[in-house]
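One structure is given below, encoded as structure tokens.
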Amino acid sequence: MHTYESETERAVLTVLISLPGVLRIREQRTVRYSMGGVERVYTFDILVDWVGGVRQAIAVKQTTDALYADDTVAVVDAICAQHRAKLADDYRAVTYESLDPVAVLNGRLILRCGRDHDYAAMDAVRRALTRLGPATTLREVAVATGLGRRGVRAAVALLQSGVLMNPPGKRLDLDLPLENRAPAGDAREQ
């Protein structure tokens with residue numbers, strides 16, 4: 001369960017949680033730094049560990065104006081220069097304005113479908129994906145599994161695992177071509 005202090009943090013967390021490359025997310029990580037000869041403390045909103053080993057510290061603000069109004073950009077730059085890989089490999093400031101609204105909508109759908117915890121349907125989708133081509137649609141998955149809407153929801157939930165990948169900037173729908181990353185198996189020959 002993740003906590004958030006604003007709608008912007010919630011949107012950023014939604015997108016991050018829905019991505020297949022995220023290993024772990026932690027919130028509210030505090031770091032000491034020096035700026036202008038004064039020792040200070042700053043709390044990053046989100047710390048993300050990615051599957052490839054990269055750790056990312058993220059400061060979240062509502063608007064770009066807010067980033068500059070309270071010196072967040074300068075603070076993040078100072079922390080990056082002083083701490084480098086101690087806390088994170090990459091330091092970012094993210095605003096609601098900079099988020100892709102389609103990624104937020106897709107993330108919400110992926111998380112809602114994942115909350116079904118329909119593991120039997122997800123297993124059926126994985127098996128069906130081995131018989132489908134390198135690009136497929138949610139409609140094709142529904143037909144191939146025989147599960148209809150349940151198969152669609154399970155396939156959407158699997159987007160979080162990376163077995164299916166949606167193209168960036170495209171809203172999920174039944175006929176959107178998705179990259180099928182399921183390994184072809186014996187099921188393809190049947």
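Chain labels follow the order of the structure tokens: the first chain is A, the next B, and so on; residue numbering restarts at 1 in every chain, and ligands are counted from 1 in their shown order.
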Using only C-alpha atoms, which protein or nucleic acid residues come within 8 Å of A:Lys61? Drop anything in the same chain fewer than 3 positions from it, and give the result as a tab-separated table (two decimals) with N, CA and C atoms, in the first residue's frame.
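Once written, part.tsv looks like this:
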```
chain	number	residue	atom	x	y	z
A	8	THR	N	-1.18	14.85	-7.35
A	8	THR	CA	-0.03	14.71	-8.25
A	8	THR	C	0.81	13.51	-7.85
A	9	GLU	N	1.10	13.34	-6.56
A	9	GLU	CA	1.84	12.16	-6.11
A	9	GLU	C	1.08	10.89	-6.44
A	64	THR	N	5.09	23.46	-12.80
A	64	THR	CA	6.47	23.90	-13.04
A	64	THR	C	6.76	25.16	-12.24
A	66	ALA	N	5.62	25.91	-9.36
A	66	ALA	CA	5.86	25.49	-7.98
A	66	ALA	C	7.27	24.94	-7.81
A	67	LEU	N	7.79	24.28	-8.84
A	67	LEU	CA	9.17	23.76	-8.79
A	67	LEU	C	10.17	24.88	-8.56
A	93	ALA	N	12.66	15.92	-10.91
A	93	ALA	CA	11.51	16.67	-10.41
A	93	ALA	C	10.40	16.46	-11.43
A	94	VAL	N	9.24	16.03	-10.96
A	94	VAL	CA	8.12	15.72	-11.84
A	94	VAL	C	6.93	16.58	-11.43
A	95	THR	N	6.21	17.08	-12.42
A	95	THR	CA	5.00	17.84	-12.15
A	95	THR	C	3.80	17.16	-12.79
A	96	TYR	N	2.63	17.52	-12.32
A	96	TYR	CA	1.41	17.00	-12.92
A	96	TYR	C	1.35	17.41	-14.39
```
Enumerate the residues of chain A with a DSSP assignment of strand (DSSP E or B), computed from the backbone, and present them as number ranges by chain. A: 22-35, 38-50, 55-61, 90-95, 135-136, 164-165, 178-180
Set the distance at 10 Å and use only C-alpha atoms: which residues neighbour A:Asn180 once local chain neighbours fewer than 3 positions away are removed? I'd like the list as JSON, numbers by chain. {"A": [126, 129, 130, 132, 133, 134, 135, 136, 137, 159, 162, 163, 164, 165, 166, 177, 183, 184]}
Could you tell me, as JSON, numbers by chain, which residues of stretch 85-157 of chain A DSSP assigns to helix (DSSP H, G or I) when given the backbone? {"A": [85, 86, 96, 97, 98, 101, 102, 103, 104, 105, 106, 107, 108, 109, 110, 111, 112, 113, 114, 119, 120, 121, 122, 123, 124, 125, 126, 127, 128, 129, 138, 139, 140, 141, 142, 143, 144, 145, 149, 150, 151, 152, 153, 154, 155, 156, 157]}
I want to know what sits within 10 Å of stretch 76-78 of chain A, based on only C-alpha atoms, with residues of the same chain fewer than 2 positions away left out; could you give that as a PyMOL selection string? chain A and resi 33-36+42+44+57-59+71-74+80-84+91-93
re atom CA of A:Arg139 and atom CA of A:Thr14: distance 24.6 Å
